[in-house]
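Trainee: What follows is input_16.txt, made up of compact mmCIF, C-alpha atoms and all ligand atoms:
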# COMPACT_ATOMS: atom_id res chain seq x y z
CA MET A 1345 -13.30 2.62 -15.59
CA PRO A 1346 -16.30 3.83 -13.55
CA VAL A 1347 -19.10 1.31 -13.21
CA PRO A 1348 -22.73 2.42 -12.58
CA ALA A 1349 -23.54 1.84 -8.90
CA ASN A 1350 -26.68 1.37 -6.87
CA VAL A 1351 -26.97 4.72 -5.02
CA SER A 1352 -29.73 5.51 -2.51
CA PHE A 1353 -30.15 9.29 -2.64
CA ALA A 1354 -32.13 9.23 0.61
CA ARG A 1355 -28.87 8.34 2.37
CA LEU A 1356 -27.08 11.50 1.18
CA LYS A 1357 -27.84 14.16 3.80
CA ASP A 1358 -25.52 16.85 2.42
CA PRO A 1359 -27.09 18.35 -0.74
CA ALA A 1360 -23.52 18.81 -2.08
CA LEU A 1361 -23.25 15.01 -2.30
CA ARG A 1362 -26.31 14.60 -4.53
CA ALA A 1363 -24.56 15.65 -7.76
CA ILE A 1364 -21.67 13.34 -6.88
CA GLY A 1365 -24.19 10.58 -6.12
CA ALA A 1366 -25.67 11.06 -9.61
CA LYS A 1367 -22.20 10.62 -11.14
CA VAL A 1368 -21.51 7.50 -9.08
CA ALA A 1369 -24.92 6.08 -10.05
CA SER A 1370 -24.25 6.61 -13.76
CA GLY A 1371 -20.58 5.61 -13.72
CA THR A 1372 -19.28 9.09 -14.52
CA ARG A 1373 -15.76 10.16 -13.52
CA LEU A 1374 -15.46 12.54 -10.53
CA SER A 1375 -13.73 15.92 -10.88
CA ALA A 1376 -11.09 17.36 -8.53
CA ALA A 1377 -13.81 19.60 -7.05
CA ASP A 1378 -15.92 16.47 -6.34
CA GLY A 1379 -12.92 14.91 -4.62
CA LEU A 1380 -12.52 17.96 -2.37
CA THR A 1381 -16.22 17.86 -1.49
CA LEU A 1382 -15.83 14.21 -0.46
CA PHE A 1383 -12.93 15.14 1.84
CA GLU A 1384 -14.75 18.14 3.33
CA THR A 1385 -18.42 17.21 3.68
CA PRO A 1386 -19.58 16.57 7.26
CA ASP A 1387 -21.82 13.82 5.82
CA ILE A 1388 -19.30 11.05 6.45
CA LEU A 1389 -22.02 8.37 6.24
CA GLY A 1390 -23.03 9.70 2.81
CA VAL A 1391 -19.41 9.35 1.61
CA GLY A 1392 -19.31 5.82 3.00
CA HIS A 1393 -22.55 4.90 1.28
CA LEU A 1394 -21.26 6.09 -2.10
CA ALA A 1395 -17.94 4.27 -1.71
CA ASN A 1396 -19.70 1.09 -0.63
CA ALA A 1397 -22.04 1.28 -3.64
CA ALA A 1398 -19.07 1.78 -6.01
CA ASN A 1399 -17.20 -1.11 -4.41
CA GLU A 1400 -20.16 -3.50 -4.48
CA ALA A 1401 -20.79 -2.64 -8.14
CA LYS A 1402 -17.29 -3.99 -8.87
CA HIS A 1403 -16.88 -6.78 -6.33
CA GLY A 1404 -20.28 -7.70 -4.89
CA ASN A 1405 -19.85 -9.30 -1.49
CA VAL A 1406 -16.32 -10.61 -1.93
CA VAL A 1407 -13.33 -9.49 0.16
CA PHE A 1408 -9.85 -10.62 -0.84
CA PHE A 1409 -6.98 -11.42 1.44
CA ALA A 1410 -3.52 -12.89 0.85
CA ALA A 1411 -1.05 -14.94 2.86
CA ASN A 1412 2.00 -12.75 2.75
CA GLN A 1413 5.16 -12.23 4.71
CA HIS A 1414 7.05 -8.98 5.11
CA ILE A 1415 10.84 -9.14 4.97
CA ASN A 1416 12.81 -5.93 5.61
CA PRO A 1417 16.40 -6.88 4.72
CA THR A 1418 18.12 -3.60 5.65
CA ASN A 1419 17.22 -0.55 7.69
CA VAL A 1420 20.33 1.35 6.64
CA CYS A 1421 19.22 4.37 4.64
CA ILE A 1422 20.95 7.42 3.17
CA LEU A 1423 17.74 9.43 3.65
CA ARG A 1424 17.50 8.67 7.35
CA LYS A 1425 17.86 12.36 8.33
CA THR A 1426 15.48 13.79 5.74
CA CYS A 1427 12.43 11.47 5.69
CA VAL A 1428 11.24 12.97 8.96
CA PHE A 1429 8.20 10.65 9.26
CA CYS A 1430 10.30 7.48 9.20
CA SER A 1431 11.05 5.64 12.45
CA TYR A 1432 12.64 2.65 10.81
CA ALA A 1433 15.82 3.84 9.08
CA ARG A 1434 19.29 4.05 10.67
CA LEU A 1435 22.65 5.42 9.59
CA PRO A 1436 25.23 2.66 8.92
CA LYS A 1437 27.00 2.98 12.29
CA GLU A 1438 23.95 3.91 14.35
CA ALA A 1439 22.71 1.62 17.12
CA GLY A 1440 20.16 -0.83 15.76
CA ALA A 1441 21.39 -0.64 12.15
CA TYR A 1442 21.27 -3.98 10.33
CA ARG A 1443 21.63 -5.56 6.92
CA TYR A 1444 20.67 -9.20 6.58
CA THR A 1445 22.99 -11.75 5.06
CA MET A 1446 21.42 -14.03 2.48
CA ASP A 1447 21.23 -16.78 5.11
CA GLN A 1448 19.27 -14.47 7.42
CA VAL A 1449 16.84 -13.64 4.62
CA TYR A 1450 16.38 -17.32 3.77
CA ALA A 1451 15.93 -18.25 7.44
CA GLU A 1452 13.25 -15.60 7.89
CA ALA A 1453 11.55 -16.66 4.66
CA ALA A 1454 11.47 -20.29 5.84
CA ALA A 1455 10.00 -19.49 9.25
CA ASN A 1456 6.39 -19.48 8.11
CA PRO A 1457 5.03 -22.63 6.45
CA TYR A 1458 2.14 -21.09 4.48
CA VAL A 1459 3.18 -18.02 2.53
CA ARG A 1460 2.29 -17.13 -1.03
CA GLU A 1461 3.94 -13.73 -1.27
CA PHE A 1462 7.13 -12.16 0.09
CA HIS A 1463 6.77 -8.39 0.48
CA ILE A 1464 10.37 -7.14 0.59
CA VAL A 1465 11.26 -3.49 1.22
CA GLY A 1466 14.02 -1.69 3.09
CA GLY A 1467 16.22 1.39 3.26
CA LEU A 1468 18.39 2.99 0.57
CA ASP A 1469 21.55 1.18 1.59
CA MET A 1470 24.78 1.87 -0.31
CA GLY A 1471 25.82 -1.71 0.50
CA ALA A 1472 22.70 -3.25 -1.04
CA GLY A 1473 22.92 -2.89 -4.80
CA LEU A 1474 21.71 -4.89 -7.76
CA GLU A 1475 23.66 -8.06 -6.96
CA TYR A 1476 22.48 -8.10 -3.32
CA TYR A 1477 18.84 -8.14 -4.38
CA ALA A 1478 19.35 -10.30 -7.49
CA GLU A 1479 21.06 -12.96 -5.37
CA MET A 1480 18.31 -12.69 -2.74
CA PHE A 1481 15.51 -13.14 -5.28
CA ARG A 1482 17.25 -16.01 -7.06
CA GLY A 1483 17.80 -17.77 -3.73
CA LEU A 1484 14.20 -17.22 -2.63
CA LYS A 1485 12.79 -18.54 -5.92
CA GLN A 1486 15.04 -21.59 -5.69
CA ARG A 1487 13.76 -22.35 -2.19
CA HIS A 1488 10.13 -21.25 -2.70
CA PRO A 1489 9.40 -21.48 -6.44
CA ASP A 1490 5.67 -20.86 -6.01
CA VAL A 1491 5.98 -17.78 -3.83
CA HIS A 1492 5.44 -14.42 -5.54
CA ILE A 1493 8.08 -11.74 -4.92
CA LYS A 1494 6.64 -8.24 -4.48
CA ALA A 1495 9.71 -6.18 -3.75
CA LEU A 1496 11.41 -2.80 -3.83
CA THR A 1497 9.55 0.50 -4.04
CA ALA A 1498 10.13 2.89 -6.93
CA VAL A 1499 12.46 4.81 -4.60
CA GLU A 1500 14.60 1.71 -4.06
CA ILE A 1501 14.65 0.88 -7.78
CA ALA A 1502 15.85 4.42 -8.56
CA HIS A 1503 18.47 4.14 -5.78
CA ILE A 1504 19.84 0.89 -7.21
CA ALA A 1505 19.87 2.44 -10.69
CA ARG A 1506 21.84 5.43 -9.37
CA ILE A 1507 24.47 3.46 -7.47
CA GLU A 1508 24.91 0.96 -10.32
CA LYS A 1509 24.88 3.72 -12.98
CA MET A 1510 22.12 1.90 -14.84
CA SER A 1511 18.70 2.96 -16.13
CA ASN A 1512 15.55 2.10 -14.16
CA HIS A 1513 14.56 -0.03 -17.13
CA ASP A 1514 17.71 -2.15 -17.02
CA VAL A 1515 17.52 -2.58 -13.24
CA LEU A 1516 13.92 -3.79 -13.54
CA VAL A 1517 14.81 -6.20 -16.34
CA ALA A 1518 17.72 -7.65 -14.34
CA LEU A 1519 15.65 -8.01 -11.18
CA ARG A 1520 12.78 -9.60 -13.08
CA GLU A 1521 15.20 -12.16 -14.47
CA ALA A 1522 16.30 -12.85 -10.90
CA GLY A 1523 12.70 -13.43 -9.72
CA LEU A 1524 11.00 -10.08 -9.05
CA ASP A 1525 7.28 -10.30 -9.90
CA THR A 1526 5.64 -7.00 -8.87
CA LEU A 1527 6.50 -3.73 -7.12
CA PRO A 1528 4.82 -2.54 -3.92
CA GLY A 1529 3.35 0.96 -3.77
CA GLY A 1530 5.56 2.61 -1.15
CA GLY A 1531 7.66 5.74 -1.43
CA ALA A 1532 4.87 7.78 -3.00
CA GLU A 1533 4.09 9.61 0.29
CA VAL A 1534 2.36 12.78 -1.00
CA PHE A 1535 3.42 14.01 -4.43
CA SER A 1536 2.98 17.76 -3.87
CA LYS A 1537 6.31 19.62 -3.95
CA GLY A 1538 5.56 21.56 -0.77
CA VAL A 1539 4.70 18.47 1.27
CA ARG A 1540 7.68 16.53 -0.04
CA ALA A 1541 9.99 19.44 0.82
CA THR A 1542 8.66 19.24 4.39
CA ILE A 1543 8.50 15.50 5.09
CA ALA A 1544 10.83 13.85 2.55
CA GLU A 1545 13.06 16.56 1.17
CA LYS A 1546 15.60 14.35 -0.60
CA LYS A 1547 13.32 11.53 -1.72
CA LEU A 1548 12.71 10.69 -5.38
CA ASN A 1549 10.31 13.35 -6.68
CA ALA A 1550 6.77 12.74 -7.87
CA GLU A 1551 7.51 12.68 -11.59
CA ASP A 1552 10.37 10.22 -11.11
CA TRP A 1553 8.25 7.95 -8.85
CA ILE A 1554 5.59 7.93 -11.58
CA GLU A 1555 8.25 7.25 -14.24
CA VAL A 1556 9.58 4.13 -12.46
CA HIS A 1557 6.02 2.75 -12.35
CA ARG A 1558 5.46 3.71 -16.01
CA VAL A 1559 8.62 1.81 -17.02
CA ALA A 1560 7.59 -1.19 -14.89
CA HIS A 1561 4.12 -1.24 -16.45
CA GLY A 1562 5.72 -1.05 -19.91
CA LEU A 1563 7.66 -4.21 -19.03
CA GLY A 1564 4.47 -5.95 -17.89
CA ILE A 1565 5.45 -5.65 -14.21
CA ARG A 1566 2.31 -4.75 -12.24
CA THR A 1567 2.65 -2.35 -9.30
CA ASN A 1568 0.71 -0.86 -6.38
CA ALA A 1569 0.14 2.73 -5.34
CA THR A 1570 -0.02 4.35 -1.90
CA MET A 1571 -0.56 7.74 -0.26
CA LEU A 1572 0.75 8.56 3.23
CA TYR A 1573 -1.92 10.76 4.82
CA GLY A 1574 -2.54 12.43 8.14
CA HIS A 1575 0.50 14.71 8.61
CA VAL A 1576 0.96 18.15 6.95
CA GLU A 1577 -0.86 17.59 3.66
CA SER A 1578 -3.99 19.53 2.63
CA HIS A 1579 -7.09 18.09 0.97
CA GLU A 1580 -5.91 19.74 -2.26
CA ASP A 1581 -2.57 17.89 -1.95
CA ARG A 1582 -4.42 14.58 -1.55
CA ILE A 1583 -6.51 15.22 -4.67
CA GLU A 1584 -3.44 16.25 -6.69
CA HIS A 1585 -1.80 12.97 -5.62
CA LEU A 1586 -4.81 10.84 -6.53
CA THR A 1587 -5.12 12.64 -9.87
CA MET A 1588 -1.52 11.74 -10.78
CA LEU A 1589 -2.19 8.09 -9.93
CA ARG A 1590 -5.44 8.08 -11.92
CA ASP A 1591 -3.71 9.66 -14.93
CA LEU A 1592 -0.96 7.02 -15.00
CA GLN A 1593 -3.54 4.28 -14.63
CA ASP A 1594 -5.45 5.70 -17.63
CA GLU A 1595 -2.22 5.57 -19.59
CA THR A 1596 -0.91 2.12 -18.63
CA GLY A 1597 -3.53 0.15 -16.66
CA GLY A 1598 -0.60 -1.33 -14.71
CA PHE A 1599 -1.65 -0.55 -11.12
CA LEU A 1600 -3.21 -3.42 -9.21
CA THR A 1601 -4.34 -1.78 -6.01
CA TYR A 1602 -4.43 1.48 -4.05
CA ILE A 1603 -3.48 1.48 -0.35
CA PRO A 1604 -3.88 4.66 1.73
CA LEU A 1605 -1.27 4.58 4.53
CA ALA A 1606 -2.09 6.27 7.86
CA ASP A 1607 0.83 8.26 9.30
CA HIS A 1608 2.20 6.89 12.55
CA PRO A 1609 3.83 9.65 14.60
CA ASP A 1610 5.83 7.78 17.27
CA ASN A 1611 9.64 7.68 17.39
CA ASN A 1612 10.14 10.07 14.50
CA GLU A 1613 11.00 13.74 14.07
CA LEU A 1614 7.76 14.67 12.34
CA GLY A 1615 5.65 13.27 15.18
CA VAL A 1616 7.71 15.26 17.72
CA THR A 1617 7.60 18.48 15.66
CA LEU A 1618 3.84 18.24 15.19
CA GLY A 1619 3.37 17.32 18.87
CA ARG A 1620 1.50 14.21 17.84
CA GLN A 1621 3.48 11.48 19.60
CA GLY A 1622 1.17 8.82 20.98
CA THR A 1623 -1.70 9.78 18.68
CA ALA A 1624 -2.51 8.49 15.25
CA THR A 1625 -4.94 9.48 12.52
CA THR A 1626 -8.64 9.54 13.44
CA GLY A 1627 -11.04 6.77 12.50
CA PHE A 1628 -13.06 9.26 10.44
CA ASP A 1629 -10.02 10.24 8.41
CA ASP A 1630 -9.00 6.60 7.89
CA LEU A 1631 -12.48 5.75 6.59
CA ARG A 1632 -12.70 8.87 4.48
CA ASN A 1633 -9.36 8.10 2.82
CA VAL A 1634 -10.31 4.60 1.73
CA ALA A 1635 -13.72 5.86 0.58
CA VAL A 1636 -12.35 8.75 -1.48
CA GLY A 1637 -9.73 6.41 -2.95
CA ARG A 1638 -12.48 4.05 -4.08
CA LEU A 1639 -14.59 6.84 -5.57
CA PHE A 1640 -11.89 8.99 -7.17
CA LEU A 1641 -9.68 6.17 -8.49
CA ASP A 1642 -12.42 4.74 -10.68
CA ASN A 1643 -9.87 2.96 -12.89
CA PHE A 1644 -8.33 0.98 -9.99
CA ASP A 1645 -9.95 -2.39 -9.42
CA HIS A 1646 -8.80 -2.81 -5.83
CA VAL A 1647 -8.57 -0.70 -2.66
CA LYS A 1648 -6.72 -2.29 0.22
CA THR A 1649 -6.78 -1.50 3.93
CA HIS A 1650 -3.57 -2.17 5.82
CA TRP A 1651 -4.91 -3.42 9.18
CA ILE A 1652 -1.43 -3.15 10.67
CA MET A 1653 -1.74 0.64 10.51
CA VAL A 1654 -5.40 1.27 11.28
CA THR A 1655 -6.20 -1.77 13.48
CA PRO A 1656 -8.11 -4.90 12.45
CA PHE A 1657 -11.37 -3.44 13.82
CA LEU A 1658 -11.27 -0.29 11.73
CA SER A 1659 -10.21 -2.35 8.72
CA GLN A 1660 -13.31 -4.47 9.24
CA ILE A 1661 -15.50 -1.36 9.12
CA ALA A 1662 -13.58 -0.17 6.05
CA LEU A 1663 -15.02 -3.22 4.25
CA SER A 1664 -18.29 -1.23 4.15
CA TRP A 1665 -16.48 1.93 3.01
CA GLY A 1666 -15.14 0.91 -0.38
CA VAL A 1667 -12.42 -1.59 0.56
CA ASN A 1668 -12.32 -5.02 -1.09
CA ASP A 1669 -8.95 -6.24 0.15
CA LEU A 1670 -7.78 -6.82 3.70
CA GLU A 1671 -3.99 -6.99 3.56
CA GLY A 1672 -3.00 -10.50 4.40
CA THR A 1673 -1.85 -12.55 7.27
CA VAL A 1674 1.32 -10.35 7.26
CA VAL A 1675 4.04 -12.01 9.26
CA ARG A 1676 6.63 -9.90 11.15
CA GLU A 1677 5.86 -6.33 10.17
CA LYS A 1678 8.56 -3.87 11.35
CA ILE A 1679 8.18 -0.47 9.71
CA TYR A 1680 4.97 0.68 11.44
CA HIS A 1681 5.72 -1.04 14.71
CA GLU A 1682 8.83 1.11 15.03
CA ALA A 1683 6.54 4.10 14.43
CA GLY A 1684 4.12 3.21 17.20
CA ALA A 1685 1.61 0.76 15.68
CA HIS A 1686 0.20 -1.26 18.58
CA THR A 1687 -1.39 -3.95 16.42
CA ALA A 1688 -0.15 -7.55 16.31
CA GLN A 1689 2.70 -8.31 13.90
CA GLY A 1690 0.63 -10.95 12.15
CA LEU A 1691 -2.97 -12.18 12.02
CA ALA A 1692 -3.90 -15.87 11.99
CA LEU A 1693 -6.05 -17.10 9.15
CA ASP A 1694 -9.02 -17.77 11.45
CA ASP A 1695 -8.92 -14.22 12.82
CA LEU A 1696 -8.83 -12.79 9.33
CA LEU A 1697 -11.75 -14.96 8.22
CA ALA A 1698 -13.72 -13.95 11.33
CA LEU A 1699 -13.17 -10.26 10.57
CA ILE A 1700 -14.37 -10.61 6.98
CA ARG A 1701 -17.33 -12.83 7.83
CA GLY A 1702 -18.23 -10.53 10.72
CA ALA A 1703 -18.65 -7.74 8.16
CA GLY A 1704 -21.14 -9.90 6.23
CA ARG A 1705 -18.68 -10.54 3.40
CA VAL A 1706 -17.33 -13.65 1.70
CA PRO A 1707 -13.58 -14.16 2.28
CA VAL A 1708 -11.57 -15.10 -0.81
CA GLU A 1709 -7.91 -15.95 -0.65
CA ARG A 1710 -6.18 -14.44 -3.66
CA ASP A 1711 -2.76 -14.67 -5.23
CA SER A 1712 -0.69 -11.54 -5.76
CA LEU A 1713 -2.36 -10.83 -9.12
CA TYR A 1714 -5.89 -11.19 -7.65
CA ASN A 1715 -6.61 -14.64 -9.04
CA THR A 1716 -8.92 -16.56 -6.70
CA LEU A 1717 -7.22 -19.38 -4.79
CA ARG A 1718 -9.87 -20.37 -2.24
CA THR A 1719 -13.38 -19.11 -1.55
CA PHE A 1720 -14.43 -19.41 2.07
CA ASP A 1721 -18.18 -19.33 1.67
CA LYS A 1722 -20.32 -20.87 4.39
CA SER A 1723 -20.51 -24.33 2.88
CA ALA A 1724 -16.78 -24.43 2.13
CA ALA A 1725 -16.09 -23.32 5.69
CA GLU A 1726 -18.30 -26.05 7.10
CA ALA A 1727 -16.69 -28.62 4.84
CA ALA A 1728 -13.19 -27.58 5.93
O1 LIG B 1 6.64 4.48 1.69
C1 LIG B 1 7.04 4.76 6.66
C2 LIG B 1 5.25 4.30 4.93
C3 LIG B 1 5.64 2.90 3.22
C4 LIG B 1 5.80 5.46 8.29
O2 LIG B 1 2.13 -2.31 -2.02
C5 LIG B 1 5.00 5.05 7.24
O3 LIG B 1 0.95 -3.88 -1.09
C6 LIG B 1 3.15 5.57 8.44
O4 LIG B 1 4.29 1.08 0.89
N1 LIG B 1 3.86 6.03 9.49
C7 LIG B 1 6.11 1.51 2.88
N2 LIG B 1 3.68 5.11 7.31
C8 LIG B 1 4.98 0.48 3.03
C9 LIG B 1 4.14 0.34 1.82
C10 LIG B 1 3.11 -0.72 1.72
C11 LIG B 1 2.47 -1.22 2.84
C12 LIG B 1 1.52 -2.23 2.68
C13 LIG B 1 1.25 -2.76 1.44
C14 LIG B 1 1.90 -2.25 0.33
C15 LIG B 1 1.65 -2.84 -1.02
C16 LIG B 1 2.83 -1.23 0.46
O5 LIG B 1 5.41 2.96 4.60
C17 LIG B 1 6.56 4.05 3.00
C18 LIG B 1 5.91 5.10 3.84
O6 LIG B 1 4.89 5.73 3.11
N3 LIG B 1 5.80 4.66 6.25
N4 LIG B 1 7.08 5.26 7.92
C19 LIG B 1 5.19 5.97 9.45
N5 LIG B 1 5.88 6.45 10.49
FE1 LIG B 2 14.75 5.57 4.00
FE2 LIG B 2 12.31 4.86 3.20
FE3 LIG B 2 12.72 5.61 5.76
FE4 LIG B 2 12.86 7.43 3.79
S1 LIG B 2 11.02 6.27 4.39
S2 LIG B 2 14.33 7.18 5.48
S3 LIG B 2 13.71 6.22 2.08
S4 LIG B 2 13.58 3.81 4.76
Would you mind writing the file out in structure tokens?
Mentor:
Amino acid sequence: MPVPANVSFARLKDPALRAIGAKVASGTRLSAADGLTLFETPDILGVGHLANAANEAKHGNVVFFAANQHINPTNVCILRKTCVFCSYARLPKEAGAYRYTMDQVYAEAAANPYVREFHIVGGLDMGAGLEYYAEMFRGLKQRHPDVHIKALTAVEIAHIARIEKMSNHDVLVALREAGLDTLPGGGAEVFSKGVRATIAEKKLNAEDWIEVHRVAHGLGIRTNATMLYGHVESHEDRIEHLTMLRDLQDETGGFLTYIPLADHPDNNELGVTLGRQGTATTGFDDLRNVAVGRLFLDNFDHVKTHWIMVTPFLSQIALSWGVNDLEGTVVREKIYHEAGAHTAQGLALDDLLALIRGAGRVPVERDSLYNTLRTFDKSAAEAA
């Protein structure tokens, strides 16, 4: 729920932001029209100030991070031809197609000594059904009993349900028994029918994506939410998307965090069609998206920046624009690197701490459910 925030009206140069500032100061929910104003005002610093005030009202000076490892077990995907923004997927016989054996998954999982979360997502592979993932999760929990498994987007859950002729509910129950802890927020893209028809024609539709998360929340499985921005969507589409997320959160309270995902246009059909190869979203748009997420999604506790997509430096600035979570040490990211991300594939703990401290914040290592594991305040750092 909205929390009253410490707003300085002198910092709002656009008069259109004053009424929104009054709502943020009193902890009043923003309307769709307010959301559009935030996307369209030229007063980008005013938007940042409001988002920072709302974030500090909830989290003070703390910034969370997590030690996580990405594992992408298969890039084979039946939607390879129709998700035109995706650079990662392959058809089964296409060059570069792969599906890990269990031993390959376990070897990759064992490669990094300090991991607290496996983030596992991949393509919609007809050869990777319920037993493939159930065996994987059981094996991972056996080898790493303390590591949290955040795996399979709503789109993948629905795919498994379809090929196994099961309900989403039963798939989630079976996977939870095998070791699944939470679901990541991918596959949401942009919910609007028009945008989906253009960039992800055959993907699970908005209502069904929401339904998988509703069922998960009903089972006590927490989930994340994303929005892929910076391609063909309008500001109205973004607000419609955020409104659907906010409505489900009002209903269930099951979302943990919101992560806006910046479109990467390299090596995919959408980037070629739009003539955007070699470019990415602008820094202004990246900052505006985290800020509007923080302000509009008043019932989400956490807003995360994915430094892999927007660079560590912009993520550091985002810590003053409403973000309270810098996605973790992230080992071996593949999906965005195939799409042109030039960032490293992992960040060392010291680099992450330096980024957070450099922004004047206190780094806190969290677990996957946002419980504090270690606080790196100055004295703790000196003692270490
Ligand atoms: O759904 C795919 C996106 C998502 C591209 O829950 C692309 O903690 C940009 O959801 N350019 C999967 N984006 C990743 C994801 C995620 C990431 C970090 C943290 C969490 C979390 C979830 O990646 C897909 C799609 O929206 N994606 N291709 C691309 N070319
Ligand atoms: Fe497949 Fe996901 Fe890529 Fe779409 S975005 S083609 S569902 S891997």
Trainee: Can you pull out every residue with an atom within 7 Å of ligand LIG 1 (chain B)? Use all atoms listed in the file and format it as number ranges by chain.
Mentor: A: 1429-1432, 1527-1533, 1568-1572, 1603, 1605-1610, 1612, 1650, 1679-1680, 1683
Trainee: Draw an axis-aligned box tight on the listed atoms of ligand LIG 2 (chain B), then pad every side by 8 Å and write out centre and edge lengths in Å to one decimal as AutoDock Vina command-line options.
Mentor:
--center_x 12.9 --center_y 5.6 --center_z 3.9 --size_x 19.7 --size_y 19.6 --size_z 19.7
Trainee: List all protein, DNA and RNA residues that have any atom at most 7 Å from ligand LIG 2 (chain B), counting all atoms listed in the file, and write the list as a list in words.
Mentor: Asn1419, Cys1421, Ile1422, Leu1423, Arg1424, Lys1425, Thr1426, Cys1427, Cys1430, Ser1431, Tyr1432, Ala1433, Gly1466, Gly1467, Leu1468, Val1499, Gly1531, Ala1544 and Lys1547 of chain A
Trainee: Which one is closest to Val1368 in chain A: A:Lys1437, A:Arg1710, A:Arg1638, A:Arg1701? Count only C-alpha atoms.
Mentor: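 The shortest atom-to-atom distance to Val1368 in chain A comes from A:Arg1638.
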Trainee: Just want the 6 Å neighbourhood of range 1550-1566 of chain A, counted on all atoms listed in the file, with same-chain residues fewer than 4 positions away dropped. Output as a ChimeraX atom specification.
Mentor: /A:1498,1526,1535,1598-1599
Trainee: Between CA of His1463 in chain A and CA of Gln1448 in chain A, what is the spacing in Å?
Mentor: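 Separation between CA of Gln1448 in chain A and CA of His1463 in chain A: 15.5 Å.
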Trainee: Let me make sure I understand: among A:Glu1577, A:Asn1456, A:Val1406, A:Asp1514, which one has the smallest atom-to-atom distance to Leu1670 in chain A if we use all atoms listed in the file?
Mentor: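 Using all atoms listed in the file, the shortest distance to Leu1670 in chain A belongs to A:Val1406.
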